[in-house]
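Visitor: Below: one structure in structure tokens.
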Amino acid sequence: MAGASQVLQLTDPLPLDGGGELHGAEIAFETYGTLAGDGSNAILLCHALTGDQYVASPHPVTGKPGWWERMVGPGKPIDTDRYFVICANVVGSCMGSTGPASEAPDGKPYAMRFPVITIRDMVRGLVALLDGLGIDKLHAVVGGSMGGMQALSLAANWPDRAERVLVIASTSRHSAQNIAFHELGRQAVMADPNWHQGDYYAQESQPDSGLAVARMAAHITYLSEEALTGKFGRNLQDRDTKSFGFDADFQVESYLRYQGSGFTRRFDANSYLYITRAMDYFDLAEEHGGKLANAFAGTEARFCLVSFDSDWLYPTAESRHVVHALNAAGAAVSFVELSAPHGHDSFLLDVPALDRVVKGFIE
Amino acid sequence: MSALRPDLAAIASAIEPGTRVLDIGCGDGALLAELRASKGVDARGIEIDGGCVERCVAQGLSVVQGDADSALADYPDKGFDYTVLSQTLQTARRPDLMLDQLLRVGKQAFVSFPNFAHWRTRGALMLGGRMPVTRSIPVSWYETQNIHHVTVKDFRELAREKNARIEREWFFANEKPVSGAANLRAEFAVFLLSR
């Protein structure tokens, strides 16, 4: 059954990279499996940009299955009969953790008064959650895409907190192209007249059309050209001929519109601004004197990086860049580029080789 | 260690317990798995074939997918007690530069290769007049990955030019050790070098 997540209210203020701190922050999270008496079997899963804590349980708004049910559960590669799996909604998001839609101390939503946060700030929140749960050392931290950035950030900034670090389809820094696509999405949100400088929570209409456009643009970056062609080609949607108008003539148009509008029902537009900003600011080397190897100096964790040959959002070269730094730091690292047709979204989809790698690495 | 290829078994038996080893071109990880299990070695690998890497990682081995010709450049000097290059030297674009990298990254380096001067190979070329296809060199010239065939004598000369000391050497034919007249009688050679 879909239900409200557990929520931890942080007693200490959360210090932020942009200066200042976040008071009274709440972290909403789900757990699966049982924590061992010695606390040694905990795995932290970090979610992606628009993900949430419902990794292996139904989403309370959409009713859809958890976003990684194929990977997490009893007998699955991340076996909840053996491991205690934790997944928390990141700070800045909108599924129960404190974000721009949450109430500020004055009782009104923060909206754009919410502080700009970073990936490291999100991880600070996650570490506070681990402290709250009494987990000193994770068996593993695992994440894909933005979740991989969090896993890398945890490994670099809290090196004693995880024995294994699994980073899938991710990067140590956002490229100009990554930032450009995010800026496109943000501008779409902010150009929506219903955005009202972020103060739309009490309004009748929300900036849904802007957010939908942002999601449509982003969704294209999550798929490969091959996947789009294979799925849709130039097929027409529910018609035999072109309309010579601007309806969704093509199946791919109809699909994107559906993805965009579905997204607005479950996600807050301001959260989208804040989280994309955090990703754009992410540059792990910059945090560590400009040299990525420094981020991992002296680490005793084992690392595994996985990329997909069809992922053009965070291509293999980005994973290799991290692997080079880990090698230079003398860390134990594995890396494999898996072949999968789906593009960046391959990490969420049916790629049996990924199951084997994940299972083998966290063993 | 009986399951290992003879050159790998020789390498495995010569490696000291508890050391750090980097196996370049580690294939499916047979040597790494053996070293980890029997000698408590911190064993790492580089392998170009994605399927092999996947099988290695699924066994919990630390293996990076990459090209031996370029991947070594990122590793710090003397970061490993041993580097291992088994039956890969003859596939390198520049075996001489590869040897430099092996000796830079490892305090000692194992190199094994098929000996092109084995009498079968010599015979095939001399009598048949064609590029040899033998037990140790089983693939025809147009398909083989071996782009720099090498003999025991050639390798000794390269080691000398590179100021590398030959610490130990092993020779095999028909999976059995060979002693004496190695350049004529050995199908495979293994050298342990240092600098």
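In the structure tokens, each chain is lettered A, B, ... as it comes, each chain's residues begin at 1, and ligands are numbered from 1 in order of appearance.
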Hey, what does DSSP flag as alpha helix (DSSP H) within stretch 38-77 of chain B? Can you give it to me as a PyMOL selection string?

Guide: chain B and resi 38-39+50-58+68-71

Visitor: Residues of chain A were defined as contacting chain B if any atom lay at most 10 Å from it, counting only C-alpha atoms; please report them as number ranges by chain.

Guide: A: 302-306, 320, 323-339, 353-363

Visitor: May I ask which of the residues B:His118, B:His149, B:Arg36, B:Lys107 is the closest one to B:Gln90, counting only C-alpha atoms?

Guide: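 Selected residue with least distance to B:Gln90: B:His149.
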
Visitor: Could you give me, as a PyMOL selection string, the residues within 7 Å of A:Asp52, counting only C-alpha atoms and dropping anything in the same chain fewer than 5 positions from it?

Guide: chain A and resi 47+88-89+95

Visitor: Write out as number ranges by chain the set of residues from stretch 141-263 of chain A that DSSP, computed on the backbone, places in strand (DSSP E).

Guide: A: 141-144, 164-168

Visitor: The selected residues should be written to file as a PDB file, in the first residue's frame (atoms: N, CA and C atoms).

Guide:
```pdb
ATOM      1  N   VAL A 141      26.677   2.615  -0.734  1.00  0.00           N
ATOM      2  CA  VAL A 141      25.834   3.710  -1.200  1.00  0.00           C
ATOM      3  C   VAL A 141      25.727   3.546  -2.717  1.00  0.00           C
ATOM      4  N   VAL A 142      24.502   3.650  -3.223  1.00  0.00           N
ATOM      5  CA  VAL A 142      24.221   3.317  -4.620  1.00  0.00           C
ATOM      6  C   VAL A 142      23.385   4.428  -5.228  1.00  0.00           C
ATOM      7  N   GLY A 143      23.743   4.868  -6.433  1.00  0.00           N
ATOM      8  CA  GLY A 143      22.893   5.856  -7.091  1.00  0.00           C
ATOM      9  C   GLY A 143      23.135   5.930  -8.578  1.00  0.00           C
ATOM     10  N   GLY A 144      22.077   6.239  -9.308  1.00  0.00           N
ATOM     11  CA  GLY A 144      22.174   6.479 -10.742  1.00  0.00           C
ATOM     12  C   GLY A 144      21.903   7.936 -11.044  1.00  0.00           C
ATOM     13  N   ARG A 164      31.269   0.589   0.171  1.00  0.00           N
ATOM     14  CA  ARG A 164      31.183   0.402  -1.283  1.00  0.00           C
ATOM     15  C   ARG A 164      30.417   1.564  -1.890  1.00  0.00           C
ATOM     16  N   VAL A 165      30.846   1.999  -3.040  1.00  0.00           N
ATOM     17  CA  VAL A 165      30.234   3.144  -3.707  1.00  0.00           C
ATOM     18  C   VAL A 165      29.932   2.734  -5.142  1.00  0.00           C
ATOM     19  N   LEU A 166      28.647   2.683  -5.473  1.00  0.00           N
ATOM     20  CA  LEU A 166      28.239   2.240  -6.817  1.00  0.00           C
ATOM     21  C   LEU A 166      27.573   3.410  -7.536  1.00  0.00           C
ATOM     22  N   VAL A 167      28.175   3.821  -8.637  1.00  0.00           N
ATOM     23  CA  VAL A 167      27.771   5.032  -9.349  1.00  0.00           C
ATOM     24  C   VAL A 167      27.400   4.638 -10.777  1.00  0.00           C
ATOM     25  N   ILE A 168      26.143   4.847 -11.135  1.00  0.00           N
ATOM     26  CA  ILE A 168      25.643   4.371 -12.425  1.00  0.00           C
ATOM     27  C   ILE A 168      25.213   5.555 -13.286  1.00  0.00           C
TER      28      ILE A 168
END
```

Visitor: Using only C-alpha atoms, determine which residues lie at most 12 Å from A:Gly198, disregarding the query and same-chain residues fewer than 6 positions distant; provide the list as a list in words.

Guide: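 Selected residues are Pro100, Ala101, Pro109, Tyr110, Ala111, Met112, Arg113, Phe114, Arg186, Val189, Met190, Ala191, Asp192, Gln206, Pro207, Asp268, Ala269, Asn270, Ser271, Tyr272, Leu273 and Tyr274 of chain A.
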
Visitor: Hey, can you spit out that residue selection with C-alpha atoms as a PDB file, in the first residue's frame?

Guide:
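The new file selection03.pdb reads:
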```
ATOM      1  CA  PRO A 100      10.485  25.191  -1.652  1.00  0.00           C
ATOM      2  CA  ALA A 101       6.876  24.027  -1.269  1.00  0.00           C
ATOM      3  CA  PRO A 109       5.610  28.267   1.605  1.00  0.00           C
ATOM      4  CA  TYR A 110       9.276  29.095   1.140  1.00  0.00           C
ATOM      5  CA  ALA A 111       8.862  29.350  -2.644  1.00  0.00           C
ATOM      6  CA  MET A 112      11.885  31.255  -3.973  1.00  0.00           C
ATOM      7  CA  ARG A 113      12.943  32.172  -0.433  1.00  0.00           C
ATOM      8  CA  PHE A 114      14.200  28.602  -0.134  1.00  0.00           C
ATOM      9  CA  ARG A 186      14.141  26.434 -15.889  1.00  0.00           C
ATOM     10  CA  VAL A 189       9.031  27.138 -15.940  1.00  0.00           C
ATOM     11  CA  MET A 190       9.820  30.781 -15.270  1.00  0.00           C
ATOM     12  CA  ALA A 191       8.261  31.917 -18.561  1.00  0.00           C
ATOM     13  CA  ASP A 192       4.936  30.382 -17.546  1.00  0.00           C
ATOM     14  CA  GLN A 206       0.157  26.299 -11.235  1.00  0.00           C
ATOM     15  CA  PRO A 207       2.967  26.687 -13.813  1.00  0.00           C
ATOM     16  CA  ASP A 268       6.639  20.865  -7.821  1.00  0.00           C
ATOM     17  CA  ALA A 269       7.917  23.385 -10.364  1.00  0.00           C
ATOM     18  CA  ASN A 270      10.069  25.252  -7.857  1.00  0.00           C
ATOM     19  CA  SER A 271      11.656  21.979  -6.712  1.00  0.00           C
ATOM     20  CA  TYR A 272      12.567  21.400 -10.346  1.00  0.00           C
ATOM     21  CA  LEU A 273      14.352  24.770 -10.406  1.00  0.00           C
ATOM     22  CA  TYR A 274      16.242  24.119  -7.172  1.00  0.00           C
TER      23      TYR A 274
END
```

Visitor: Excluding same-chain residues fewer than 4 positions from stretch 119-122 of chain B, what lies within 10 Å of it counting only C-alpha atoms, as a ChimeraX atom specification?

Guide: /B:115,126-137,183-187

Visitor: Could you tell me how far atom CA of A:Thr221 lies from atom CA of A:Ala169, in Å and to one decimal?

Guide: 12.8 Å

Visitor: When you count only C-alpha atoms, which of these residues is closest to B:Leu158: B:Leu99, B:Ala189, B:Thr144, B:Val178?

Guide: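 Nearest candidate to B:Leu158 out of B:Leu99, B:Ala189, B:Thr144, B:Val178: B:Leu99.
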